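J.: Here you go, this is coords_29.cif (mmCIF, C-alpha atoms).
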```
data_run
#
loop_
_atom_site.label_atom_id
_atom_site.label_comp_id
_atom_site.auth_asym_id
_atom_site.auth_seq_id
_atom_site.Cartn_x
_atom_site.Cartn_y
_atom_site.Cartn_z
CA MET A 1 111.42 92.56 117.67
CA SER A 2 110.28 90.09 114.99
CA GLY A 3 112.72 88.15 112.84
CA LEU A 4 111.73 90.18 109.81
CA GLU A 5 112.19 93.47 111.62
CA GLU A 6 115.58 92.37 112.94
CA ASN A 7 116.64 91.32 109.42
CA TYR A 8 115.51 94.63 107.97
CA ARG A 9 117.31 96.75 110.57
CA ARG A 10 120.47 94.69 110.23
CA LEU A 11 120.39 95.03 106.44
CA LEU A 12 120.07 98.80 106.66
CA ASP A 13 123.08 98.89 108.97
CA ARG A 14 125.13 96.66 106.67
CA ILE A 15 124.17 98.70 103.60
CA GLY A 16 125.15 101.92 105.37
CA THR A 17 128.48 100.48 106.49
CA ALA A 18 129.31 99.16 103.01
CA ALA A 19 128.39 102.50 101.46
CA ALA A 20 130.59 104.37 103.95
CA ARG A 21 133.55 102.14 103.13
CA SER A 22 133.39 103.38 99.55
CA GLY A 23 132.83 107.01 100.51
CA ARG A 24 129.13 106.99 99.68
CA ASP A 25 126.00 107.91 101.58
CA ARG A 26 123.48 105.26 102.65
CA ALA A 27 120.78 107.16 100.75
CA GLN A 28 122.61 106.43 97.48
CA VAL A 29 121.76 102.71 97.75
CA ARG A 30 118.21 101.43 97.40
CA LEU A 31 117.15 98.18 99.04
CA VAL A 32 114.89 96.16 96.73
CA GLY A 33 113.25 93.25 98.52
CA ALA A 34 113.36 90.20 96.26
CA THR A 35 109.93 88.69 96.91
CA LYS A 36 109.88 85.54 94.80
CA ARG A 37 107.79 82.97 96.71
CA VAL A 38 107.23 85.39 99.61
CA GLU A 39 103.59 85.67 100.67
CA ALA A 40 101.83 89.02 100.46
CA ALA A 41 101.29 89.32 104.23
CA ARG A 42 105.02 89.09 104.88
CA ILE A 43 105.75 91.63 102.14
CA ARG A 44 103.18 93.99 103.65
CA ARG A 45 104.93 93.77 107.01
CA ALA A 46 108.25 94.69 105.37
CA ILE A 47 106.56 97.67 103.71
CA GLU A 48 105.25 98.76 107.12
CA LEU A 49 108.83 98.65 108.40
CA GLY A 50 109.89 101.03 105.63
CA LEU A 51 110.63 98.93 102.53
CA ASN A 52 109.67 100.98 99.46
CA ASP A 53 110.76 98.68 96.62
CA ILE A 54 110.19 95.03 95.81
CA GLY A 55 111.40 92.91 92.92
CA GLU A 56 109.40 90.10 91.37
CA ASN A 57 110.63 87.47 88.93
CA ARG A 58 107.37 86.49 87.27
CA VAL A 59 104.45 88.47 85.94
CA GLN A 60 101.81 86.00 87.09
CA GLU A 61 103.09 85.83 90.67
CA ALA A 62 103.37 89.60 90.89
CA GLU A 63 99.84 90.09 89.62
CA GLY A 64 98.26 88.28 92.55
CA LYS A 65 100.53 89.84 95.15
CA LEU A 66 100.11 93.42 93.99
CA ALA A 67 96.33 93.03 94.10
CA ALA A 68 96.65 91.81 97.69
CA LEU A 69 99.08 94.61 98.62
CA ALA A 70 97.06 97.52 97.22
CA PRO A 71 97.06 100.35 98.08
CA THR A 72 100.52 100.36 99.73
CA GLY A 73 102.17 102.37 96.95
CA VAL A 74 105.20 100.10 96.95
CA ARG A 75 107.33 100.27 93.80
CA CYS A 76 107.47 96.88 92.09
CA HIS A 77 110.28 96.07 89.66
CA LEU A 78 110.44 93.12 87.29
CA ILE A 79 113.84 91.52 87.93
CA GLY A 80 113.27 88.21 86.14
CA HIS A 81 113.24 87.27 82.48
CA LEU A 82 110.26 88.69 80.58
CA GLN A 83 108.55 86.54 77.99
CA SER A 84 107.38 88.61 75.05
CA ASN A 85 103.78 87.40 75.37
CA LYS A 86 103.60 88.90 78.88
CA ALA A 87 105.08 92.25 77.92
CA ARG A 88 101.83 94.22 77.90
CA ARG A 89 100.78 92.94 81.33
CA ALA A 90 104.23 93.70 82.70
CA LEU A 91 103.95 97.32 81.61
CA ASP A 92 100.68 97.62 83.52
CA LEU A 93 102.00 95.98 86.68
CA PHE A 94 105.55 97.14 87.23
CA THR A 95 107.23 100.42 88.08
CA SER A 96 110.24 99.42 86.00
CA ILE A 97 111.49 96.45 84.00
CA GLN A 98 115.09 95.61 84.94
CA SER A 99 115.53 92.69 82.53
CA VAL A 100 115.52 94.12 79.01
CA ASP A 101 117.98 91.81 77.29
CA SER A 102 117.34 92.02 73.53
CA PHE A 103 116.53 94.37 70.68
CA GLU A 104 113.31 92.43 70.11
CA LEU A 105 112.05 92.93 73.67
CA ALA A 106 112.99 96.60 73.71
CA GLY A 107 111.17 97.17 70.44
CA ARG A 108 108.09 95.28 71.59
CA LEU A 109 107.83 97.26 74.80
CA ASP A 110 108.27 100.55 72.98
CA ARG A 111 105.52 99.75 70.47
CA MET A 112 103.08 98.97 73.29
CA LEU A 113 103.66 102.17 75.23
CA ASP A 114 102.09 105.60 75.07
CA ARG A 115 104.01 107.04 78.04
CA ARG A 116 107.56 107.24 79.35
CA PHE A 117 108.64 104.02 81.05
CA PRO A 118 111.92 103.25 82.89
CA VAL A 119 113.91 100.16 81.95
CA PHE A 120 117.25 98.60 82.80
CA ILE A 121 119.36 96.60 80.39
CA GLN A 122 120.39 93.25 81.83
CA ILE A 123 124.03 92.35 81.13
CA ARG A 124 125.62 88.92 81.27
CA SER A 125 129.22 87.87 80.95
CA ALA A 126 130.43 85.56 78.21
CA GLU A 127 130.84 82.78 80.78
CA GLU A 128 127.17 82.82 81.79
CA SER A 129 125.73 81.03 78.78
CA THR A 130 122.63 79.87 80.65
CA ARG A 131 121.60 83.26 82.00
CA SER A 132 119.54 85.97 80.39
CA GLY A 133 121.18 89.23 79.45
CA VAL A 134 122.95 90.94 76.62
CA LEU A 135 126.63 90.24 76.05
CA GLU A 136 129.02 93.10 76.67
CA SER A 137 129.96 93.07 72.98
CA ASP A 138 126.33 93.82 72.01
CA LEU A 139 125.69 96.32 74.80
CA PRO A 140 126.51 99.55 72.92
CA GLN A 141 124.02 98.75 70.16
CA LEU A 142 121.24 97.89 72.64
CA VAL A 143 121.93 101.03 74.66
CA GLN A 144 121.58 103.09 71.50
CA ALA A 145 118.39 101.27 70.47
CA VAL A 146 116.77 102.01 73.83
CA ARG A 147 117.88 105.63 73.74
CA ASP A 148 116.53 105.98 70.22
CA SER A 149 113.16 104.52 71.19
CA ARG A 150 110.13 106.72 71.59
CA TRP A 151 109.01 105.83 75.11
CA LEU A 152 111.73 103.87 76.93
CA ASP A 153 113.91 105.64 79.49
CA LEU A 154 117.23 103.90 80.10
CA ASP A 155 117.59 104.20 83.87
CA GLY A 156 120.44 101.77 84.35
CA PHE A 157 122.01 98.33 84.05
CA MET A 158 121.17 95.15 85.94
CA ALA A 159 123.24 92.01 86.31
CA ILE A 160 123.41 88.69 88.13
CA PRO A 161 127.12 87.85 88.21
CA PRO A 162 128.30 84.27 88.76
CA PHE A 163 127.93 82.89 92.28
CA PHE A 164 131.14 82.64 94.29
CA GLU A 165 131.37 81.07 97.75
CA ASP A 166 133.64 83.95 98.70
CA PRO A 167 131.94 87.23 97.72
CA GLU A 168 135.37 88.82 97.25
CA ASP A 169 135.84 86.60 94.20
CA GLY A 170 133.02 88.51 92.48
CA ARG A 171 134.56 91.92 93.03
CA LEU A 172 136.10 92.18 89.57
CA CYS A 173 132.71 91.37 87.98
CA PHE A 174 131.02 94.13 89.97
CA ARG A 175 133.82 96.52 89.15
CA ARG A 176 133.48 95.82 85.44
CA LEU A 177 129.74 96.45 85.61
CA ARG A 178 130.39 99.81 87.27
CA GLU A 179 132.86 100.67 84.51
CA LEU A 180 130.20 99.85 81.90
CA ARG A 181 127.65 101.97 83.76
CA ASP A 182 130.05 104.91 83.80
CA ALA A 183 131.09 104.45 80.18
CA HIS A 184 127.48 104.57 79.01
CA ASP A 185 126.49 107.36 81.40
CA VAL A 186 123.51 105.66 83.01
CA ARG A 187 122.37 106.46 86.53
CA GLU A 188 121.43 103.19 88.22
CA LEU A 189 123.31 99.94 88.74
CA SER A 190 121.26 97.04 90.11
CA MET A 191 123.58 94.29 91.32
CA GLY A 192 124.27 92.32 94.47
CA MET A 193 122.12 89.86 96.38
CA SER A 194 122.04 88.39 99.88
CA HIS A 195 125.48 86.77 99.82
CA ASP A 196 127.46 89.49 98.05
CA PHE A 197 125.63 92.81 98.28
CA GLU A 198 128.25 94.51 100.43
CA VAL A 199 130.96 93.95 97.82
CA ALA A 200 128.51 95.13 95.14
CA ILE A 201 127.86 98.35 97.07
CA GLU A 202 131.57 98.96 97.53
CA GLU A 203 131.93 98.66 93.75
CA GLY A 204 129.10 101.06 92.92
CA ALA A 205 125.70 99.36 93.19
CA THR A 206 122.83 101.82 93.56
CA GLN A 207 120.26 99.05 94.03
CA VAL A 208 120.69 95.70 95.78
CA ARG A 209 118.12 92.93 95.35
CA ILE A 210 117.89 91.02 98.61
CA GLY A 211 115.59 88.11 99.36
CA THR A 212 116.89 85.50 101.82
CA ALA A 213 118.75 87.94 104.10
CA LEU A 214 115.52 89.93 104.47
CA PHE A 215 112.69 87.40 104.34
CA GLY A 216 114.54 84.23 105.35
CA GLU A 217 114.68 80.95 103.49
CA ARG A 218 111.73 80.39 101.16
CA THR A 219 110.00 77.09 100.51
#
```
Please express the file's structure as structure tokens.
T.:
Amino acid sequence: MSGLEENYRRLLDRIGTAAARSGRDRAQVRLVGATKRVEAARIRRAIELGLNDIGENRVQEAEGKLAALAPTGVRCHLIGHLQSNKARRALDLFTSIQSVDSFELAGRLDRMLDRRFPVFIQIRSAEESTRSGVLESDLPQLVQAVRDSRWLDLDGFMAIPPFFEDPEDGRLCFRRLRELRDAHDVRELSMGMSHDFEVAIEEGATQVRIGTALFGERT
């Protein structure tokens, strides 16, 4: 068994165990392989093992990889910040955009579309001044703006909570994000990465974005 295959199988087991601890089914949690700086050949092998979703941070990097991966049918989600001048290309490349963080970006995407398109609103806490995302205080207005748009479908919320050495220290952040998801009646909650995804699942994540624990350390 290759290192990648072993990582993938172990992750599925850990996801299933974490889901069971919170009374949920493994099928309720989607593994999104975070593929920043992962070469296309290695991504293709993960797809062959059963990975159906990948997340890319940059439009330009995704463009080259998706051309090399065709025609695998893998779903590719934008999980990094989207610059407005790359919005049109992003709509052509990605299955969903998980990083809508402003009224301006939501409006720009909606004006460019002529079809339904799924998006996530990215949320940040007040303490994360250097991260992208809408503040909780502005979230209700952005939720309404997306729901009032012509073409955008609000599928869920995405967040990158602060890093804690002990994943348990992030539990309250994940719990608050679940409460926001429930309060706004959205379906998906994309949160949790390699070091804390089990806690995120226990607190309600429906998607976990995992890079290092799947693909190993990247250069």
J.: Which is closest to Leu11 (chain A) among A:Asp153, A:Leu66, A:Glu203, A:Met193, if we use all atoms listed in the file?
T.: A:Met193
J.: Could you give me, as a PyMOL selection string, the residues within 8 Å of Ala213 (chain A), counting only C-alpha atoms and dropping anything in the same chain fewer than 3 positions from it?
T.: chain A and resi 7+11+194+210+216
J.: For the file shown, what are the residues hit by the PyMOL selection byres ((chain A and resi 87-90) around 10), laid out as a ChimeraX atom specification?
T.: /A:58-60,62-63,77-78,82-86,91-97,105-106,108-109,111-113
J.: Can you work out which one of A:Phe174, A:Ala68, A:Gly204, A:Arg116 has the shortest atom-to-atom distance to Gly23 (chain A), counting all atoms listed in the file?
T.: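 Counting all atoms listed in the file, the residue closest to Gly23 (chain A) is A:Gly204.
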J.: Looking at all atoms listed in the file, which of A:Arg176, A:Arg171, A:Arg209, A:Arg30 is the one that sits closest to Met191 (chain A)?
T.: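 Of A:Arg176, A:Arg171, A:Arg209, A:Arg30, the one nearest Met191 (chain A) is A:Arg209, counting all atoms listed in the file.
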